[in-house]
>>> print(open('query_33.json').read())   # JSON, C-alpha atoms
[["chain", "number", "residue", "atom", "x", "y", "z"],
["A", 289, "MET", "CA", 141.07, 155.72, 113.11],
["A", 290, "LEU", "CA", 138.73, 152.84, 112.34],
["A", 291, "GLU", "CA", 140.13, 149.88, 110.40],
["A", 292, "LEU", "CA", 137.31, 148.30, 108.39],
["A", 293, "ASN", "CA", 137.24, 145.05, 106.45],
["A", 294, "PHE", "CA", 134.06, 143.88, 104.73],
["A", 295, "ASN", "CA", 135.61, 140.64, 103.48],
["A", 296, "PRO", "CA", 133.94, 138.26, 104.04],
["A", 297, "PHE", "CA", 130.73, 140.18, 103.51],
["A", 298, "PRO", "CA", 128.73, 140.42, 106.77],
["A", 299, "VAL", "CA", 125.30, 138.87, 106.19],
["A", 300, "LEU", "CA", 122.78, 140.05, 108.80],
["A", 301, "GLU", "CA", 119.59, 138.22, 109.75],
["A", 302, "THR", "CA", 116.51, 139.40, 111.60],
["A", 303, "GLU", "CA", 113.27, 137.64, 112.42],
["A", 304, "ARG", "CA", 111.91, 138.09, 108.88],
["A", 305, "LEU", "CA", 114.79, 139.50, 106.86],
["A", 306, "LEU", "CA", 118.07, 138.53, 105.27],
["A", 307, "LEU", "CA", 120.41, 141.47, 104.72],
["A", 308, "ARG", "CA", 122.84, 140.20, 102.12],
["A", 309, "GLN", "CA", 125.23, 141.34, 99.46],
["A", 310, "VAL", "CA", 123.63, 142.85, 96.37],
["A", 311, "THR", "CA", 124.69, 140.94, 93.26],
["A", 312, "MET", "CA", 124.34, 141.45, 89.52],
["A", 313, "ASP", "CA", 121.52, 138.86, 89.65],
["A", 314, "ASP", "CA", 119.52, 141.53, 91.52],
["A", 315, "ALA", "CA", 119.77, 144.00, 88.62],
["A", 316, "PRO", "CA", 116.18, 143.46, 87.37],
["A", 317, "ASP", "CA", 114.74, 144.12, 90.85],
["A", 318, "VAL", "CA", 117.11, 147.05, 91.44],
["A", 319, "LEU", "CA", 115.82, 148.49, 88.17],
["A", 320, "ILE", "CA", 112.21, 148.04, 89.32],
["A", 321, "MET", "CA", 112.97, 149.93, 92.55],
["A", 322, "ARG", "CA", 115.11, 152.66, 90.99],
["A", 323, "SER", "CA", 112.59, 153.27, 88.20],
["A", 324, "ASP", "CA", 109.63, 153.60, 90.57],
["A", 325, "ILE", "CA", 108.59, 157.26, 90.72],
["A", 326, "ASN", "CA", 107.31, 156.97, 94.31],
["A", 327, "ALA", "CA", 110.43, 155.21, 95.58],
["A", 328, "MET", "CA", 112.71, 157.74, 93.86],
["A", 329, "LYS", "CA", 110.71, 160.87, 94.74],
["A", 330, "TYR", "CA", 113.11, 162.09, 97.44],
["A", 331, "ILE", "CA", 116.35, 160.38, 96.42],
["A", 332, "GLY", "CA", 117.78, 163.21, 94.33],
["A", 333, "LYS", "CA", 119.16, 160.91, 91.65],
["A", 334, "PRO", "CA", 117.99, 160.24, 88.10],
["A", 335, "ILE", "CA", 115.44, 157.48, 87.68],
["A", 336, "SER", "CA", 116.98, 154.31, 86.28],
["A", 337, "THR", "CA", 115.69, 153.35, 82.87],
["A", 338, "THR", "CA", 117.87, 150.40, 81.84],
["A", 339, "LEU", "CA", 119.43, 147.28, 83.29],
["A", 340, "ASP", "CA", 122.80, 148.94, 82.70],
["A", 341, "ASP", "CA", 121.75, 151.73, 85.09],
["A", 342, "ALA", "CA", 121.00, 149.09, 87.74],
["A", 343, "ARG", "CA", 124.26, 147.26, 87.05],
["A", 344, "ASP", "CA", 126.19, 150.53, 87.39],
["A", 345, "LEU", "CA", 124.64, 151.11, 90.81],
["A", 346, "ILE", "CA", 125.46, 147.55, 91.90],
["A", 347, "GLY", "CA", 129.02, 148.10, 90.65],
["A", 348, "ARG", "CA", 129.35, 151.24, 92.78],
["A", 349, "ILE", "CA", 128.06, 149.31, 95.82],
["A", 350, "GLU", "CA", 130.62, 146.56, 95.13],
["A", 351, "ASP", "CA", 133.43, 149.13, 94.74],
["A", 352, "GLY", "CA", 132.59, 150.67, 98.13],
["A", 353, "ILE", "CA", 132.67, 147.26, 99.79],
["A", 354, "GLU", "CA", 135.95, 146.24, 98.13],
["A", 355, "SER", "CA", 137.63, 149.50, 99.16],
["A", 356, "ASN", "CA", 136.11, 149.34, 102.67],
["A", 357, "ASN", "CA", 134.74, 152.88, 102.17],
["A", 358, "ALA", "CA", 131.04, 151.94, 102.17],
["A", 359, "ILE", "CA", 128.80, 148.95, 102.68],
["A", 360, "GLY", "CA", 125.33, 148.28, 101.35],
["A", 361, "TRP", "CA", 123.02, 145.38, 101.96],
["A", 362, "GLY", "CA", 120.25, 144.07, 99.78],
["A", 363, "ILE", "CA", 117.09, 143.51, 101.81],
["A", 364, "SER", "CA", 115.26, 140.22, 101.21],
["A", 365, "LEU", "CA", 112.54, 138.37, 103.05],
["A", 366, "LYS", "CA", 113.92, 135.13, 104.51],
["A", 367, "ASN", "CA", 111.21, 133.03, 102.89],
["A", 368, "ASN", "CA", 111.92, 134.59, 99.46],
["A", 369, "HIS", "CA", 115.40, 135.89, 98.71],
["A", 370, "ARG", "CA", 114.09, 138.37, 96.12],
["A", 371, "PHE", "CA", 115.66, 141.82, 96.45],
["A", 372, "ILE", "CA", 113.15, 144.31, 97.92],
["A", 373, "GLY", "CA", 115.36, 147.19, 99.00],
["A", 374, "THR", "CA", 118.72, 148.47, 100.20],
["A", 375, "ILE", "CA", 120.22, 149.79, 103.39],
["A", 376, "GLY", "CA", 123.78, 150.70, 104.15],
["A", 377, "PHE", "CA", 126.49, 153.09, 105.13],
["A", 378, "HIS", "CA", 127.17, 155.07, 101.97],
["A", 379, "ARG", "CA", 129.84, 157.36, 103.31],
["A", 380, "ILE", "CA", 132.13, 156.21, 106.07],
["A", 381, "ASP", "CA", 134.47, 158.67, 107.74],
["A", 382, "THR", "CA", 136.96, 156.39, 109.54],
["A", 383, "SER", "CA", 138.91, 159.32, 111.02],
["A", 384, "ASN", "CA", 135.83, 160.52, 112.89],
["A", 385, "TYR", "CA", 134.13, 157.14, 113.52],
["A", 386, "ARG", "CA", 131.10, 158.38, 111.61],
["A", 387, "ALA", "CA", 128.94, 157.09, 108.76],
["A", 388, "GLU", "CA", 125.97, 158.16, 106.67],
["A", 389, "ILE", "CA", 123.10, 155.71, 106.50],
["A", 390, "GLY", "CA", 120.82, 155.44, 103.50],
["A", 391, "TYR", "CA", 117.89, 153.15, 102.72],
["A", 392, "MET", "CA", 115.29, 152.48, 100.10],
["A", 393, "LEU", "CA", 112.44, 150.01, 99.78],
["A", 394, "LEU", "CA", 110.05, 148.95, 97.06],
["A", 395, "PRO", "CA", 106.73, 150.73, 97.79],
["A", 396, "GLU", "CA", 104.82, 147.43, 97.99],
["A", 397, "PHE", "CA", 106.76, 146.74, 101.22],
["A", 398, "TRP", "CA", 106.18, 150.14, 102.84],
["A", 399, "ASN", "CA", 104.27, 150.24, 106.16],
["A", 400, "LYS", "CA", 105.01, 146.60, 106.99],
["A", 401, "GLY", "CA", 107.84, 147.12, 109.47],
["A", 402, "VAL", "CA", 110.48, 145.94, 107.00],
["A", 403, "MET", "CA", 112.65, 149.04, 107.15],
["A", 404, "SER", "CA", 112.39, 149.28, 110.93],
["A", 405, "GLU", "CA", 113.59, 145.69, 111.21],
["A", 406, "ALA", "CA", 116.46, 146.30, 108.78],
["A", 407, "MET", "CA", 117.38, 149.62, 110.43],
["A", 408, "ASN", "CA", 117.56, 148.04, 113.87],
["A", 409, "SER", "CA", 119.98, 145.37, 112.65],
["A", 410, "VAL", "CA", 122.19, 147.75, 110.65],
["A", 411, "LEU", "CA", 122.40, 150.33, 113.46],
["A", 412, "ASP", "CA", 123.37, 147.55, 115.88],
["A", 413, "TYR", "CA", 126.07, 146.38, 113.46],
["A", 414, "GLY", "CA", 127.32, 149.93, 112.93],
["A", 415, "PHE", "CA", 127.65, 150.74, 116.60],
["A", 416, "LYS", "CA", 128.66, 147.38, 118.08],
["A", 417, "THR", "CA", 130.73, 145.78, 115.32],
["A", 418, "LEU", "CA", 132.07, 148.71, 113.30],
["A", 419, "LYS", "CA", 132.41, 150.89, 116.43],
["A", 420, "PHE", "CA", 130.93, 154.04, 114.92],
["A", 421, "HIS", "CA", 130.55, 156.95, 117.32],
["A", 422, "SER", "CA", 127.76, 158.50, 115.25],
["A", 423, "ILE", "CA", 125.52, 157.68, 112.32],
["A", 424, "PHE", "CA", 123.75, 160.36, 110.31],
["A", 425, "ALA", "CA", 121.20, 160.64, 107.53],
["A", 426, "ASN", "CA", 120.81, 163.39, 104.95],
["A", 427, "ILE", "CA", 117.19, 163.63, 103.80],
["A", 428, "ASP", "CA", 114.78, 165.80, 101.85],
["A", 429, "PRO", "CA", 112.64, 167.71, 104.41],
["A", 430, "ASP", "CA", 109.50, 166.66, 102.51],
["A", 431, "ASN", "CA", 110.33, 162.97, 102.99],
["A", 432, "LEU", "CA", 108.13, 162.48, 106.04],
["A", 433, "ARG", "CA", 108.44, 158.67, 105.95],
["A", 434, "SER", "CA", 112.22, 158.88, 106.21],
["A", 435, "ALA", "CA", 112.06, 161.46, 109.00],
["A", 436, "ALA", "CA", 109.59, 159.25, 110.88],
["A", 437, "ILE", "CA", 111.81, 156.19, 110.82],
["A", 438, "LEU", "CA", 114.82, 158.21, 111.91],
["A", 439, "LYS", "CA", 112.85, 159.69, 114.82],
["A", 440, "LYS", "CA", 111.62, 156.20, 115.73],
["A", 441, "PHE", "CA", 115.26, 155.23, 116.27],
["A", 442, "ASN", "CA", 115.98, 158.40, 118.27],
["A", 443, "PHE", "CA", 117.89, 160.27, 115.58],
["A", 444, "VAL", "CA", 117.91, 164.00, 116.28],
["A", 445, "LYS", "CA", 117.58, 166.68, 113.64],
["A", 446, "GLU", "CA", 120.87, 168.60, 113.80],
["A", 447, "ALA", "CA", 120.74, 170.81, 110.74],
["A", 448, "TYR", "CA", 118.53, 172.29, 108.06],
["A", 449, "PHE", "CA", 120.30, 173.53, 104.93],
["A", 450, "LYS", "CA", 118.49, 175.91, 102.60],
["A", 451, "GLU", "CA", 118.81, 175.19, 98.88],
["A", 452, "ASN", "CA", 122.09, 173.30, 99.23],
["A", 453, "PHE", "CA", 121.26, 170.46, 96.81],
["A", 454, "TYR", "CA", 120.81, 170.95, 93.07],
["A", 455, "PHE", "CA", 118.82, 168.36, 91.13],
["A", 456, "ASN", "CA", 116.57, 168.43, 88.08],
["A", 457, "GLY", "CA", 117.13, 172.14, 87.49],
["A", 458, "LYS", "CA", 116.28, 173.38, 90.96],
["A", 459, "PHE", "CA", 117.81, 173.86, 94.38],
["A", 460, "THR", "CA", 116.27, 171.96, 97.29],
["A", 461, "ASP", "CA", 116.72, 171.94, 101.05],
["A", 462, "THR", "CA", 118.13, 169.08, 103.12],
["A", 463, "GLU", "CA", 117.97, 168.00, 106.75],
["A", 464, "ILE", "CA", 120.63, 166.15, 108.70],
["A", 465, "TYR", "CA", 119.61, 163.71, 111.42],
["A", 466, "SER", "CA", 122.18, 162.09, 113.70],
["A", 467, "LEU", "CA", 122.39, 159.35, 116.31],
["A", 468, "LEU", "CA", 125.22, 158.95, 118.81],
["A", 469, "ASN", "CA", 126.48, 155.61, 120.07],
["A", 470, "LYS", "CA", 125.13, 155.32, 123.61],
["A", 471, "ALA", "CA", 127.79, 152.71, 124.49],
["A", 472, "ASP", "CA", 130.69, 155.19, 124.08]]
>>> encode(input="query_33.json", output="structure tokens")
Amino acid sequence: MLELNFNPFPVLETERLLLRQVTMDDAPDVLIMRSDINAMKYIGKPISTTLDDARDLIGRIEDGIESNNAIGWGISLKNNHRFIGTIGFHRIDTSNYRAEIGYMLLPEFWNKGVMSEAMNSVLDYGFKTLKFHSIFANIDPDNLRSAAILKKFNFVKEAYFKENFYFNGKFTDTEIYSLLNKAD
């Protein structure tokens, strides 16, 4: 079984990005992202409408880190530490050396290579430092952007579930993509 400890918080850096801990100071920018209809289209969660909604999300991220059950990074550009998105392992299964990755970015930063850069760093951390055997993503089949980035990093579609997710009064399908640690 994996033994995880996210204290001190692991800050990751790439050429352009700083992947850092999300703090309550980020609440206004988290609210902007989580209230954006385009950004939230495939998330399957209610749109945030208040700063308290954003603070609650940040609190849940903090709780996951403190309990070593999940870890989420705020994505910032190095030259401007403003929060522009999130990426992290939302569900970690230590018994099976497996984690679910999730990510979200403000639409103004889409198609600029930001998520690819963040994904590369987080996957590297997950496989090399945390020693995961596999990382998976659970996405809406209509989310072509998410599927494209997963395929770019050689994730393989393993499953398609019909109407297994209920949100906003309707059942929707989901797809599971997975990536195995090639170093195992």
>>> residues_around(input="query_33.json", residues="Asp324 (chain A)", least_positions_apart="6", cutoff="12 Å", atoms="all atoms listed in the file", output="ChimeraX atom specification")
/A:317-318,330-331,334-337,392-396
>>> atom_distance(input="query_33.json", atom1="CA of Lys366 (chain A)", atom2="CA of Leu307 (chain A)")
9.1 Å
>>> residues_around(input="query_33.json", residues="Met407 (chain A)", least_positions_apart="4", cutoff="10 Å", atoms="all atoms listed in the file", output="ChimeraX atom specification")
/A:375-376,389-391,401-403,411-413,437-438,441
>>> residues_near_point(input="query_33.json", point="(124.4, 153.5, 121.1)", cutoff="7 Å", atoms="only C-alpha atoms", output="PDB file with C-alpha atoms, in the frame of the given file")
ATOM      1  CA  PHE A 415     127.650 150.740 116.600  1.00  0.00           C
ATOM      2  CA  LEU A 468     125.220 158.950 118.810  1.00  0.00           C
ATOM      3  CA  ASN A 469     126.480 155.610 120.070  1.00  0.00           C
ATOM      4  CA  LYS A 470     125.130 155.320 123.610  1.00  0.00           C
ATOM      5  CA  ALA A 471     127.790 152.710 124.490  1.00  0.00           C
TER       6      ALA A 471
END
>>> residues_around(input="query_33.json", residues="region 381-388 of chain A", least_positions_apart="6", cutoff="10 Å", atoms="all atoms listed in the file", output="list in words")
Met289, Leu290, Glu291, Leu292, Asn356, Asn357, Ala358, Gly414, Phe415, Leu418, Lys419, Phe420, His421, Ser422, Ile423, Phe424, Ala425, Asn426, Ile464, Tyr465, Ser466, Leu467 and Leu468 of chain A
>>> write_last_selection(input="query_33.json", atoms="C-alpha atoms", output="PDB file, in the frame of the given file")
ATOM      1  CA  MET A 289     141.070 155.720 113.110  1.00  0.00           C
ATOM      2  CA  LEU A 290     138.730 152.840 112.340  1.00  0.00           C
ATOM      3  CA  GLU A 291     140.130 149.880 110.400  1.00  0.00           C
ATOM      4  CA  LEU A 292     137.310 148.300 108.390  1.00  0.00           C
ATOM      5  CA  ASN A 356     136.110 149.340 102.670  1.00  0.00           C
ATOM      6  CA  ASN A 357     134.740 152.880 102.170  1.00  0.00           C
ATOM      7  CA  ALA A 358     131.040 151.940 102.170  1.00  0.00           C
ATOM      8  CA  GLY A 414     127.320 149.930 112.930  1.00  0.00           C
ATOM      9  CA  PHE A 415     127.650 150.740 116.600  1.00  0.00           C
ATOM     10  CA  LEU A 418     132.070 148.710 113.300  1.00  0.00           C
ATOM     11  CA  LYS A 419     132.410 150.890 116.430  1.00  0.00           C
ATOM     12  CA  PHE A 420     130.930 154.040 114.920  1.00  0.00           C
ATOM     13  CA  HIS A 421     130.550 156.950 117.320  1.00  0.00           C
ATOM     14  CA  SER A 422     127.760 158.500 115.250  1.00  0.00           C
ATOM     15  CA  ILE A 423     125.520 157.680 112.320  1.00  0.00           C
ATOM     16  CA  PHE A 424     123.750 160.360 110.310  1.00  0.00           C
ATOM     17  CA  ALA A 425     121.200 160.640 107.530  1.00  0.00           C
ATOM     18  CA  ASN A 426     120.810 163.390 104.950  1.00  0.00           C
ATOM     19  CA  ILE A 464     120.630 166.150 108.700  1.00  0.00           C
ATOM     20  CA  TYR A 465     119.610 163.710 111.420  1.00  0.00           C
ATOM     21  CA  SER A 466     122.180 162.090 113.700  1.00  0.00           C
ATOM     22  CA  LEU A 467     122.390 159.350 116.310  1.00  0.00           C
ATOM     23  CA  LEU A 468     125.220 158.950 118.810  1.00  0.00           C
TER      24      LEU A 468
END
>>> closest_residue(input="query_33.json", among="A:Lys440, A:Ile380, A:Glu451, A:Ser364", to="Leu300 (chain A)", atoms="all atoms listed in the file")
A:Ser364
>>> residues_around(input="query_33.json", residues="Asp313 (chain A)", least_positions_apart="3", cutoff="12 Å", atoms="all atoms listed in the file", output="JSON, numbers by chain")
{"A": [309, 310, 316, 317, 318, 319, 339, 342, 343, 346, 347, 362, 369, 370, 371]}
>>> closest_residue(input="query_33.json", among="A:Glu446, A:Asp428, A:Asp351, A:Asp340", to="Thr462 (chain A)", atoms="only C-alpha atoms")
A:Asp428
>>> closest_residue(input="query_33.json", among="A:Ala447, A:Ile359, A:Met312, A:Ala436", to="Thr374 (chain A)", atoms="only C-alpha atoms")
A:Ile359
>>> closest_residue(input="query_33.json", among="A:Lys333, A:Lys400, A:Met321, A:Ala406", to="Leu306 (chain A)", atoms="all atoms listed in the file")
A:Ala406
>>> closest_residue(input="query_33.json", among="A:Glu354, A:Asp430, A:Glu463, A:Asp341", to="Pro296 (chain A)", atoms="only C-alpha atoms")
A:Glu354
>>> closest_residue(input="query_33.json", among="A:Arg304, A:Arg433, A:Glu350, A:Gly332", to="Lys458 (chain A)", atoms="all atoms listed in the file")
A:Gly332
>>> axis_aligned_box(input="query_33.json", around="region 338-348 of chain A", padding_each_side="8 Å", output="JSON")
{"center_x": 123.6, "center_y": 149.5, "center_z": 87.3, "size_x": 27.5, "size_y": 20.5, "size_z": 26.9}
>>> decode(input="query_33.json", residues="region 294-329 of chain A", atoms="N, CA and C atoms", output="PDB file, in the first residue's frame")
ATOM      1  N   PHE A 294       1.612  14.759   1.882  1.00  0.00           N
ATOM      2  CA  PHE A 294       1.669  15.986   1.092  1.00  0.00           C
ATOM      3  C   PHE A 294       2.081  17.194   1.932  1.00  0.00           C
ATOM      4  N   ASN A 295       2.777  16.932   3.038  1.00  0.00           N
ATOM      5  CA  ASN A 295       3.271  18.003   3.891  1.00  0.00           C
ATOM      6  C   ASN A 295       4.781  17.859   3.998  1.00  0.00           C
ATOM      7  N   PRO A 296       5.555  18.797   3.490  1.00  0.00           N
ATOM      8  CA  PRO A 296       5.136  20.075   2.910  1.00  0.00           C
ATOM      9  C   PRO A 296       4.526  19.883   1.521  1.00  0.00           C
ATOM     10  N   PHE A 297       3.703  20.843   1.146  1.00  0.00           N
ATOM     11  CA  PHE A 297       3.027  20.768  -0.148  1.00  0.00           C
ATOM     12  C   PHE A 297       4.051  20.789  -1.279  1.00  0.00           C
ATOM     13  N   PRO A 298       3.934  19.849  -2.238  1.00  0.00           N
ATOM     14  CA  PRO A 298       4.897  19.782  -3.347  1.00  0.00           C
ATOM     15  C   PRO A 298       4.579  20.798  -4.457  1.00  0.00           C
ATOM     16  N   VAL A 299       5.327  21.864  -4.507  1.00  0.00           N
ATOM     17  CA  VAL A 299       5.184  22.858  -5.574  1.00  0.00           C
ATOM     18  C   VAL A 299       5.927  22.327  -6.795  1.00  0.00           C
ATOM     19  N   LEU A 300       5.268  22.378  -7.958  1.00  0.00           N
ATOM     20  CA  LEU A 300       5.872  21.900  -9.198  1.00  0.00           C
ATOM     21  C   LEU A 300       6.072  23.088 -10.135  1.00  0.00           C
ATOM     22  N   GLU A 301       7.178  23.098 -10.851  1.00  0.00           N
ATOM     23  CA  GLU A 301       7.447  24.166 -11.810  1.00  0.00           C
ATOM     24  C   GLU A 301       7.718  23.571 -13.179  1.00  0.00           C
ATOM     25  N   THR A 302       7.240  24.274 -14.191  1.00  0.00           N
ATOM     26  CA  THR A 302       7.532  23.922 -15.576  1.00  0.00           C
ATOM     27  C   THR A 302       8.169  25.150 -16.212  1.00  0.00           C
ATOM     28  N   GLU A 303       8.364  25.105 -17.503  1.00  0.00           N
ATOM     29  CA  GLU A 303       8.969  26.245 -18.188  1.00  0.00           C
ATOM     30  C   GLU A 303       8.184  27.537 -17.959  1.00  0.00           C
ATOM     31  N   ARG A 304       6.844  27.458 -18.072  1.00  0.00           N
ATOM     32  CA  ARG A 304       6.011  28.659 -17.936  1.00  0.00           C
ATOM     33  C   ARG A 304       5.137  28.695 -16.707  1.00  0.00           C
ATOM     34  N   LEU A 305       4.979  27.542 -16.031  1.00  0.00           N
ATOM     35  CA  LEU A 305       3.949  27.427 -15.002  1.00  0.00           C
ATOM     36  C   LEU A 305       4.500  27.181 -13.609  1.00  0.00           C
ATOM     37  N   LEU A 306       3.706  27.610 -12.641  1.00  0.00           N
ATOM     38  CA  LEU A 306       3.916  27.281 -11.239  1.00  0.00           C
ATOM     39  C   LEU A 306       2.665  26.545 -10.795  1.00  0.00           C
ATOM     40  N   LEU A 307       2.839  25.297 -10.375  1.00  0.00           N
ATOM     41  CA  LEU A 307       1.739  24.502  -9.848  1.00  0.00           C
ATOM     42  C   LEU A 307       1.900  24.547  -8.335  1.00  0.00           C
ATOM     43  N   ARG A 308       0.974  25.226  -7.692  1.00  0.00           N
ATOM     44  CA  ARG A 308       1.114  25.564  -6.279  1.00  0.00           C
ATOM     45  C   ARG A 308      -0.163  25.245  -5.526  1.00  0.00           C
ATOM     46  N   GLN A 309      -0.093  25.382  -4.219  1.00  0.00           N
ATOM     47  CA  GLN A 309      -1.267  25.119  -3.397  1.00  0.00           C
ATOM     48  C   GLN A 309      -2.320  26.200  -3.639  1.00  0.00           C
ATOM     49  N   VAL A 310      -3.561  25.783  -3.736  1.00  0.00           N
ATOM     50  CA  VAL A 310      -4.684  26.706  -3.848  1.00  0.00           C
ATOM     51  C   VAL A 310      -4.956  27.253  -2.449  1.00  0.00           C
ATOM     52  N   THR A 311      -5.114  28.558  -2.339  1.00  0.00           N
ATOM     53  CA  THR A 311      -5.379  29.175  -1.040  1.00  0.00           C
ATOM     54  C   THR A 311      -6.690  29.958  -1.088  1.00  0.00           C
ATOM     55  N   MET A 312      -7.155  30.357   0.065  1.00  0.00           N
ATOM     56  CA  MET A 312      -8.387  31.140   0.143  1.00  0.00           C
ATOM     57  C   MET A 312      -8.248  32.464  -0.609  1.00  0.00           C
ATOM     58  N   ASP A 313      -7.024  32.961  -0.771  1.00  0.00           N
ATOM     59  CA  ASP A 313      -6.808  34.177  -1.567  1.00  0.00           C
ATOM     60  C   ASP A 313      -7.200  33.971  -3.032  1.00  0.00           C
ATOM     61  N   ASP A 314      -7.251  32.722  -3.472  1.00  0.00           N
ATOM     62  CA  ASP A 314      -7.620  32.405  -4.856  1.00  0.00           C
ATOM     63  C   ASP A 314      -9.133  32.351  -5.062  1.00  0.00           C
ATOM     64  N   ALA A 315      -9.904  32.487  -3.999  1.00  0.00           N
ATOM     65  CA  ALA A 315     -11.360  32.326  -4.091  1.00  0.00           C
ATOM     66  C   ALA A 315     -12.002  33.169  -5.196  1.00  0.00           C
ATOM     67  N   PRO A 316     -11.648  34.455  -5.367  1.00  0.00           N
ATOM     68  CA  PRO A 316     -12.285  35.218  -6.450  1.00  0.00           C
ATOM     69  C   PRO A 316     -12.023  34.624  -7.842  1.00  0.00           C
ATOM     70  N   ASP A 317     -10.805  34.138  -8.079  1.00  0.00           N
ATOM     71  CA  ASP A 317     -10.490  33.543  -9.382  1.00  0.00           C
ATOM     72  C   ASP A 317     -11.095  32.150  -9.528  1.00  0.00           C
ATOM     73  N   VAL A 318     -11.179  31.405  -8.427  1.00  0.00           N
ATOM     74  CA  VAL A 318     -11.862  30.107  -8.461  1.00  0.00           C
ATOM     75  C   VAL A 318     -13.326  30.336  -8.821  1.00  0.00           C
ATOM     76  N   LEU A 319     -13.924  31.363  -8.236  1.00  0.00           N
ATOM     77  CA  LEU A 319     -15.324  31.688  -8.548  1.00  0.00           C
ATOM     78  C   LEU A 319     -15.482  32.036 -10.024  1.00  0.00           C
ATOM     79  N   ILE A 320     -14.562  32.812 -10.576  1.00  0.00           N
ATOM     80  CA  ILE A 320     -14.634  33.163 -12.000  1.00  0.00           C
ATOM     81  C   ILE A 320     -14.629  31.891 -12.851  1.00  0.00           C
ATOM     82  N   MET A 321     -13.715  30.964 -12.529  1.00  0.00           N
ATOM     83  CA  MET A 321     -13.619  29.725 -13.310  1.00  0.00           C
ATOM     84  C   MET A 321     -14.854  28.850 -13.120  1.00  0.00           C
ATOM     85  N   ARG A 322     -15.279  28.664 -11.871  1.00  0.00           N
ATOM     86  CA  ARG A 322     -16.380  27.746 -11.587  1.00  0.00           C
ATOM     87  C   ARG A 322     -17.756  28.338 -11.891  1.00  0.00           C
ATOM     88  N   SER A 323     -17.787  29.623 -12.271  1.00  0.00           N
ATOM     89  CA  SER A 323     -19.062  30.222 -12.692  1.00  0.00           C
ATOM     90  C   SER A 323     -19.123  30.412 -14.205  1.00  0.00           C
ATOM     91  N   ASP A 324     -18.048  30.045 -14.897  1.00  0.00           N
ATOM     92  CA  ASP A 324     -17.989  30.173 -16.350  1.00  0.00           C
ATOM     93  C   ASP A 324     -18.736  28.992 -16.990  1.00  0.00           C
ATOM     94  N   ILE A 325     -19.753  29.295 -17.750  1.00  0.00           N
ATOM     95  CA  ILE A 325     -20.591  28.252 -18.356  1.00  0.00           C
ATOM     96  C   ILE A 325     -19.780  27.332 -19.261  1.00  0.00           C
ATOM     97  N   ASN A 326     -18.847  27.879 -20.032  1.00  0.00           N
ATOM     98  CA  ASN A 326     -18.041  27.049 -20.928  1.00  0.00           C
ATOM     99  C   ASN A 326     -17.091  26.142 -20.153  1.00  0.00           C
ATOM    100  N   ALA A 327     -16.467  26.677 -19.108  1.00  0.00           N
ATOM    101  CA  ALA A 327     -15.536  25.881 -18.310  1.00  0.00           C
ATOM    102  C   ALA A 327     -16.255  24.766 -17.563  1.00  0.00           C
ATOM    103  N   MET A 328     -17.502  25.018 -17.162  1.00  0.00           N
ATOM    104  CA  MET A 328     -18.256  24.058 -16.350  1.00  0.00           C
ATOM    105  C   MET A 328     -19.120  23.105 -17.182  1.00  0.00           C
ATOM    106  N   LYS A 329     -19.157  23.285 -18.477  1.00  0.00           N
ATOM    107  CA  LYS A 329     -20.083  22.551 -19.337  1.00  0.00           C
ATOM    108  C   LYS A 329     -20.066  21.042 -19.120  1.00  0.00           C
TER     109      LYS A 329
END
